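S.K.: Sharing a structure with you now.
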Amino acid sequence: MATLISNRRSAIISLFVPLIVLFTWKGLIKHVGGPTVLATAIAIGLIAIGLMGYTLSVARDRDKGIFQRLRVAPVPTWVIMTSRICVQLVMIAVLTLVVFIVGYQYDGVLLAPLGYVITFFIAILGATVYLSLGQLIVGLIKGFETINAVTRITYIALMMVGMFSTFFENQQLKEVVRFSPYGCVKMMLAASMEPSKAWAHDANIAVLCSLGYIVVFAGIGIKNFQWSSK
């Protein structure tokens, strides 16, 4: 939490990313529906916090030698990494609540109580997908500058593919995008907001794919993670 507070400006900026979607997409609600707009806002926010926030924070602290000093403390190494992940999950919870509040107050989007509860937990699952992707990046790459570049390119790629995938004409390419990390998270979020109507077979497949991404990304990232960048 002390690390998060010391970088509070970066954390606050991350919260503005989904709010931009809520403010600029208000006119699209009558065309695509309120749940779709909220799902897009949360999905983009998860990338900003789960991928950018966690990856760059871990890479920066490793480059400064903070992790090597933390390992001297009388705590298991898994506690050190788990604490970082828990802080990011707290940020995800705050982001989700902010999107719910602004979505209702500004956009007039109101969900059923069950929709809010399920979406909250799906947001945590989606965040874990991006956290594991961030762990994969810091596990395979050591240099901070290289991680910074790769993370930003990945962030832009996910944003571009996710937002413009509807214009793809190739049906097979559309299916690949739908079940990509971004597509799965967005699909789960949209379905969870109206579980009685929208939750179907595709949402179940998206959950399974997300769990698969978490196992693969986190497994490789943890196995190859180095506590020092040298």
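A note on labels: chains of the structure tokens are A, B, ... as shown, every chain counts residues from 1, and ligands are counted from 1 in their shown order.
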Could you list, as a ChimeraX atom specification, every residue within 7 Å of Leu38 of chain A, counting only C-alpha atoms and ignoring same-chain residues fewer than 4 positions away?
M.R.: /A:34,42,103
S.K.: At a cut-off of 9 Å, using only C-alpha atoms, what residues contact segment 110-124 of chain A? Leave out same-chain residues fewer than 4 positions from it and give the result as a list in words.
M.R.: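 With the cut-off at 9 Å, the set is Gly34, Pro35, Ala39, Ile42, Ala43, Leu46, Leu89, Ile92, Ala93, Thr96, Leu97, Phe100, Gly103, Tyr104, Thr128, Val129, Val185, Met188, Leu189, Ala190, Ala191, Ser192, Met193, Glu194, Pro195, Ser196 and Val207 of chain A.
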S.K.: Which residues are close to Cys184 of chain A, i.e. within 9 Å by only C-alpha atoms, leaving aside same-chain residues fewer than 3 positions away? Reply as an NGL selection string.
M.R.: :A and (126 or 177-181 or 187-189 or 203 or 205-207 or 209-210)
S.K.: Tell me which protein, DNA and RNA residues are within 8 Å of Leu51 of chain A, counting only C-alpha atoms, leaving out same-chain ones fewer than 3 positions away, and put them as a ChimeraX atom specification.
M.R.: /A:46-48,54-55,130-131,133-134,151,155
S.K.: Please measure the separation of atom CA of Ser228 of chain A and atom CA of Val87 of chain A, giving the value in Å to one decimal.
M.R.: 21.6 Å
S.K.: DSSP on the backbone: which residues in segment 51-190 of chain A end up as alpha helix (DSSP H)? Give the answer as an NGL selection string.
M.R.: :A and (54-63 or 66-70 or 77-105 or 113-140 or 144-164 or 171-178 or 181-190)
S.K.: Using only C-alpha atoms, which residue out of A:Leu22, A:Ile214, A:Ala41, A:Leu15 lies closest to Met91 of chain A?
M.R.: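 For Met91 of chain A, the nearest of the given residues is A:Leu15.
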S.K.: Out of A:Ala157, A:Gln172, A:Gly108, A:Ala59, which residue has the shortest atom-to-atom distance to Glu145 of chain A when counting only C-alpha atoms?
M.R.: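 Counting only C-alpha atoms, the residue closest to Glu145 of chain A is A:Ala59.
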S.K.: Could you check how far atom CA of Val21 of chain A sits from atom CA of Ile101 of chain A, in Å to one decimal?
M.R.: 13.9 Å
S.K.: When you draw a straight line from atom CA of Ile222 of chain A to atom CA of Leu136 of chain A, how long is it in Å?
M.R.: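 Atom-to-atom, atom CA of Ile222 of chain A to atom CA of Leu136 of chain A, that is 7.4 Å.
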